[in-house]
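To keep things clear, I will list the structure first and then write my remarks on it.
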Number of protein chains: 2
Amino acid sequence: MTVAQPREEPLTVILAHGDFPQRPAVQQYLYAAKRIICCDGAAADLLQFGLQPELVVGDLDSLPAALSEKLSGRLVRISEQQSNDLSKALRYCLAQGWTNLLILGATGKREDHTLGNISLLADFCRQAPELKIISDYGLFLAVQEPCTIPCQTGQQVSIFSLHPDTAITSTGLRYPLQEMRLTRWWQATLNEACGNTFTLSFSGPGPLLLFLASPETP
Amino acid sequence: MTVAQPREEPLTVILAHGDFPQRPAVQQYLYAAKRIICCDGAAADLLQFGLQPELVVGDLDSLPAALSEKLSGRLVRISEQQSNDLSKALRYCLAQGWTNLLILGATGKREDHTLGNISLLADFCRQAPELKIISDYGLFLAVQEPCTIPCQTGQQVSIFSLHPDTAITSTGLRYPLQEMRLTRWWQATLNEACGNTFTLSFSGPGPLLLFLASPETP
């Protein structure tokens with residue numbers, strides 16, 4: 001008897017309108033994805049790179065007219081002002097049943113956009129447990145529960161808490177956290193993995209945001 | 001009778017090791033400063049730009065040997081691992097009595113450094129009330145108390161709270177906050193000033209971090 005294996009869901013890349021990835025190791029996700037969903041004006045960057053978006057999602061106010069025409073039929077206009085284009089794209093993807101989601105272009109340029117985009121991970125991590133932001137400098141993910149994170153020995157790790165009452169304990173990090181409460185974003189940065197995993201547990205409200213620096217970047 | 005006016009304290013720029021400012025309007029602070037204090041490897045960027053640091057502060061592990069030699073006599077080595085180079089530079093400046101401080105190069109490159117650097121404003125805003133980060137995209141400042149912030153009509157404004165229990169009320173913003181508690185960094189982003197000031201009051205723990213986008217940037 002053979003048992004049907006669950007097929008791994010194809011990768012959907014959401015390209016936000018921050019810095020376009022420059023590192024080949026990051027750009028390869030654009031080639032590997034089954035589909036690329038662009039947040040509004042990011043479509044221009046993708047076309048310039050030589051790839052096509054499957055869809056462009058957002059209020060579409062930063063898409064040049066010529067591009068709107070060229071991509072007509074691929075535009076998903078969502079005009080509400082309560083959320084930004086990345087949030088709209090994430091909700092759209094989840095509504096299609098696409099949960100294997102990777103966000104590129106989420107950081108760089110305006111820093112308030114960067115902060116907002118990073119914290120969206122916390123809102124969507126339950127519905128899309130594999131959700132990550134990858135930049136030229138590393139990756140961000142959000143965790144809701146105690147977790148073991150794969151990494152490389154010596155890889156730099158930073159932890160950010162969205163709630164200062166959350167008490168965090170780590171194993172496998174060079175500077176261990178013991179029920180540590182983070183009231184400032186710098187307090188658990190620049191840690192380092194001792195092996196090829198590290199473990200976090202915490203009591204109190206989550207989620208935590210984790211940053212793992214690319215081993216290739218300083 | 002003449003009364004001695006307090007002289008305005010000369011500007012000290014601290015140059016951190018993120019993205020070097022590209023916009024002339026930001027670079028002008030480098031020319032206007034009485035002194036420039038570089039965080040470690042940022043000294044290389046400043047020399048390449050054609051200016052000299054008064055001092056280089058940090059653990060100095062990212063300063064090339066040739067540069068260490070060239071700048072010997074201007075190096076302030078602080079090796080403790082509990083704080084980053086920007087924090088060391090800020091403490092050093094305050095210890096000299098320099099409180100008119102502006103930080104450039106605090107954002108860009110590794111996003112965990114960006115987050116950490118921004119949140120340092122919250123730690124130092126009491127000692128240096130004029131303290132700001134200015135990037136090519138806008139400026140960050142931290143506020144401990146109800147405040148009126150000068151701005152331009154239509155300028156984009158984002159507010160970040162370090163504690164989710166803090167209830168924030170605004171006047172003079174297009175999307176008013178009414179005792180709003182921020183549990184996510186995106187929740188009070190992309191607001192807009194209605195006039196040439198806006199006002200924030202809040203109950204609960206501060207500080208708040210404010211971002212004002214440069215009118216020139218999208």
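For the structure tokens, the naming scheme is as follows: chains receive sequential letters (A, B, ...) according to their order of presentation, residues are indexed from 1 within each chain, and ligands are indexed from 1 in presentation order.
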**Q.** Spatial neighbours of A:Ser79, 8 Å, only C-alpha atoms, chain gap at least 2 places, as a ChimeraX atom specification
**A.** /A:58-59,77,81
Expected file contents, prior selection, N, CA and C atoms, as an mmCIF file, in the first residue's frame:
data_model
loop_
_atom_site.group_PDB
_atom_site.id
_atom_site.type_symbol
_atom_site.label_atom_id
_atom_site.label_comp_id
_atom_site.auth_asym_id
_atom_site.auth_seq_id
_atom_site.Cartn_x
_atom_site.Cartn_y
_atom_site.Cartn_z
ATOM 1 N N GLY A 58 -2.241 46.022 -4.205
ATOM 2 C CA GLY A 58 -2.063 47.235 -3.418
ATOM 3 C C GLY A 58 -3.060 48.284 -3.837
ATOM 4 N N ASP A 59 -2.823 49.510 -3.345
ATOM 5 C CA ASP A 59 -3.730 50.566 -3.807
ATOM 6 C C ASP A 59 -3.311 51.071 -5.190
ATOM 7 N N ARG A 77 -6.464 45.666 -7.177
ATOM 8 C CA ARG A 77 -6.514 46.955 -6.502
ATOM 9 C C ARG A 77 -7.302 46.816 -5.194
ATOM 10 N N GLN A 81 -7.440 52.103 3.423
ATOM 11 C CA GLN A 81 -6.280 52.829 3.952
ATOM 12 C C GLN A 81 -5.832 52.323 5.319
#
Q: Write down as a PyMOL selection string the residues of stretch 9-192 of chain B whose backbone DSSP state falls under strand (DSSP E).
A: chain B and resi 12-15+35-39+55-58+75-77+101-104+132-134+138-143+147-150+156-161+167-171+180-181+191-192
Q | Selection near stretch 41-45 of chain B, 10 Å with only C-alpha atoms, sequence-local residues under 6 positions removed, as a PyMOL selection string | A | chain B and resi 14-21+51-64+67-68+71+85+105
Write a file of the selected residues as a CSV table (one decimal), in the first residue's frame, keeping N, CA, C and O atoms.
chain,number,residue,atom,x,y,z
B,14,ILE,N,27.5,62.3,15.5
B,14,ILE,CA,28.0,60.9,15.7
B,14,ILE,C,27.7,60.2,14.4
B,14,ILE,O,26.5,60.1,14.0
B,15,LEU,N,28.7,59.6,13.8
B,15,LEU,CA,28.5,58.9,12.6
B,15,LEU,C,28.6,57.4,12.9
B,15,LEU,O,29.7,56.9,13.2
B,16,ALA,N,27.5,56.7,12.8
B,16,ALA,CA,27.5,55.3,13.0
B,16,ALA,C,27.8,54.6,11.7
B,16,ALA,O,27.9,55.2,10.6
B,17,HIS,N,27.9,53.3,11.8
B,17,HIS,CA,28.5,52.5,10.6
B,17,HIS,C,27.4,51.8,9.7
B,17,HIS,O,27.6,50.8,9.2
B,18,GLY,N,26.2,52.5,9.7
B,18,GLY,CA,25.2,52.0,8.7
B,18,GLY,C,25.5,52.7,7.3
B,18,GLY,O,26.6,52.9,7.0
B,19,ASP,N,24.4,53.0,6.6
B,19,ASP,CA,24.6,53.6,5.3
B,19,ASP,C,25.1,55.0,5.5
B,19,ASP,O,24.5,55.8,6.2
B,20,PHE,N,26.2,55.4,4.8
B,20,PHE,CA,26.7,56.8,4.8
B,20,PHE,C,25.6,57.7,4.1
B,20,PHE,O,25.1,57.3,3.1
B,21,PRO,N,25.4,58.9,4.7
B,21,PRO,CA,24.4,59.7,4.0
B,21,PRO,C,24.7,60.0,2.6
B,21,PRO,O,25.8,60.4,2.3
B,51,LEU,N,36.4,64.1,5.0
B,51,LEU,CA,36.4,64.8,6.3
B,51,LEU,C,37.2,63.9,7.3
B,51,LEU,O,37.4,62.7,7.1
B,52,GLN,N,37.5,64.6,8.4
B,52,GLN,CA,38.3,63.9,9.4
B,52,GLN,C,37.5,63.8,10.7
B,52,GLN,O,36.8,64.7,11.1
B,53,PRO,N,37.5,62.6,11.3
B,53,PRO,CA,36.9,62.4,12.6
B,53,PRO,C,37.7,63.1,13.7
B,53,PRO,O,38.9,63.1,13.6
B,54,GLU,N,37.0,63.7,14.6
B,54,GLU,CA,37.7,64.2,15.8
B,54,GLU,C,38.2,63.0,16.6
B,54,GLU,O,39.3,63.0,17.1
B,55,LEU,N,37.3,62.0,16.8
B,55,LEU,CA,37.6,60.8,17.6
B,55,LEU,C,36.9,59.6,16.9
B,55,LEU,O,35.9,59.8,16.2
B,56,VAL,N,37.5,58.5,17.2
B,56,VAL,CA,36.8,57.2,16.8
B,56,VAL,C,36.6,56.4,18.0
B,56,VAL,O,37.6,56.1,18.8
B,57,VAL,N,35.3,56.1,18.3
B,57,VAL,CA,35.0,55.4,19.5
B,57,VAL,C,34.4,54.0,19.2
B,57,VAL,O,33.7,53.9,18.3
B,58,GLY,N,34.8,53.1,20.1
B,58,GLY,CA,34.2,51.7,19.9
B,58,GLY,C,35.2,50.7,20.3
B,58,GLY,O,36.2,51.0,20.9
B,59,ASP,N,34.8,49.4,20.0
B,59,ASP,CA,35.8,48.4,20.4
B,59,ASP,C,36.9,48.3,19.3
B,59,ASP,O,37.9,47.6,19.5
B,60,LEU,N,36.7,49.1,18.2
B,60,LEU,CA,37.7,49.3,17.2
B,60,LEU,C,38.1,48.0,16.5
B,60,LEU,O,39.2,47.9,15.9
B,61,ASP,N,37.2,47.0,16.5
B,61,ASP,CA,37.6,45.7,15.9
B,61,ASP,C,37.3,45.8,14.4
B,61,ASP,O,37.7,44.9,13.6
B,62,SER,N,36.6,46.8,13.9
B,62,SER,CA,36.3,46.8,12.5
B,62,SER,C,37.0,48.0,11.8
B,62,SER,O,36.7,48.4,10.7
B,63,LEU,N,38.1,48.5,12.5
B,63,LEU,CA,38.9,49.5,11.9
B,63,LEU,C,40.1,48.9,11.3
B,63,LEU,O,40.9,48.2,12.0
B,64,PRO,N,40.3,49.1,9.9
B,64,PRO,CA,41.5,48.5,9.3
B,64,PRO,C,42.8,49.0,10.0
B,64,PRO,O,42.9,50.1,10.5
B,67,LEU,N,44.3,52.2,9.0
B,67,LEU,CA,43.5,53.4,9.5
B,67,LEU,C,43.8,53.6,11.0
B,67,LEU,O,43.8,54.8,11.5
B,68,SER,N,43.9,52.5,11.8
B,68,SER,CA,44.2,52.7,13.2
B,68,SER,C,45.5,53.5,13.4
B,68,SER,O,45.6,54.3,14.2
B,71,LEU,N,45.0,57.2,12.4
B,71,LEU,CA,44.2,57.9,13.3
B,71,LEU,C,44.7,57.7,14.8
B,71,LEU,O,43.9,58.2,15.7
B,85,ASP,N,28.7,50.0,19.5
B,85,ASP,CA,29.6,51.2,19.3
B,85,ASP,C,28.8,52.5,19.4
B,85,ASP,O,29.4,53.5,19.9
B,105,GLY,N,24.1,57.9,9.8
B,105,GLY,CA,24.6,56.5,9.5
B,105,GLY,C,24.1,55.5,10.4
B,105,GLY,O,24.7,54.4,10.6
Q: Find the residues near A:Ser201: any atom within 10 Å, counting only C-alpha atoms, skip ones fewer than 3 places away on the same chain, and give them as a PyMOL selection string.
A: chain A and resi 143-148+167-171+177-179
Q: Define the interface residues of chain A facing chain B as those within 6 Å, counting only C-alpha atoms, and report them as a list in words.
A: Arg110, Gly116, Ser119, Tyr137, Trp185 and Trp186 of chain A
Q. What does the distance from atom CA of A:Cys93 to atom CA of A:Thr12 come to in Å, to one decimal?
A.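 So the answer is 8.3 Å.
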Q | Between atom CA of A:Gly154 and atom CA of A:Glu192, distance in Å (one decimal) | A |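 If I compute the distance from atom CA of A:Gly154 to atom CA of A:Glu192, I get 5.5 Å.
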Applying 6 Å and only C-alpha atoms, which residues near B:Thr166 remain after dropping the ones on its own chain fewer than 6 positions away? List them as a PDB file with N, CA and C atoms, in the first residue's frame.
ATOM      1  N   ARG B 181      -3.498  52.254  21.931  1.00  0.00           N
ATOM      2  CA  ARG B 181      -2.398  51.398  22.416  1.00  0.00           C
ATOM      3  C   ARG B 181      -1.833  50.633  21.239  1.00  0.00           C
ATOM      4  N   SER B 203      -0.449  58.394  28.268  1.00  0.00           N
ATOM      5  CA  SER B 203      -0.394  57.921  29.647  1.00  0.00           C
ATOM      6  C   SER B 203       0.206  56.530  29.603  1.00  0.00           C
ATOM      7  N   GLY B 204       0.939  56.189  30.664  1.00  0.00           N
ATOM      8  CA  GLY B 204       1.627  54.899  30.659  1.00  0.00           C
ATOM      9  C   GLY B 204       3.086  55.122  30.339  1.00  0.00           C
ATOM     10  N   PRO B 205       3.829  54.038  30.304  1.00  0.00           N
ATOM     11  CA  PRO B 205       5.279  54.171  30.146  1.00  0.00           C
ATOM     12  C   PRO B 205       5.673  54.689  28.766  1.00  0.00           C
TER      13      PRO B 205
END
Q: Please run DSSP on the backbone and report, as a PyMOL selection string, all residues within chain B that come out as helix (DSSP H, G or I).
A: chain B and resi 24-32+42-49+65-70+85-95+111-124
Q.
One decimal, in Å: what's the spacing between atom CA of B:Phe49 and atom CA of B:Ala66?
A.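 Distance reported for this atom pair: 17.2 Å.
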Q.
So, with only C-alpha atoms as the atoms that count, which of A:Tyr175, A:Arg23, A:Tyr31, A:Pro215 lies closest to A:Phe198?
A.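 Of A:Tyr175, A:Arg23, A:Tyr31, A:Pro215, the one nearest A:Phe198, counting only C-alpha atoms, is A:Tyr175.
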Q) Of the candidates A:Glu8, A:Glu69, A:Glu216, A:Asp40, which shows the shortest atom-to-atom distance to A:Lys88, using only C-alpha atoms? A)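 Under the stated criterion, the closest residue is A:Asp40.
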**Q.** Nearest-residue call for B:Pro129, choices B:Leu47, B:Val26, B:Leu101, B:Val76, using only C-alpha atoms
**A.**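 Ranking B:Leu47, B:Val26, B:Leu101, B:Val76 by distance to B:Pro129, first place goes to B:Leu101.
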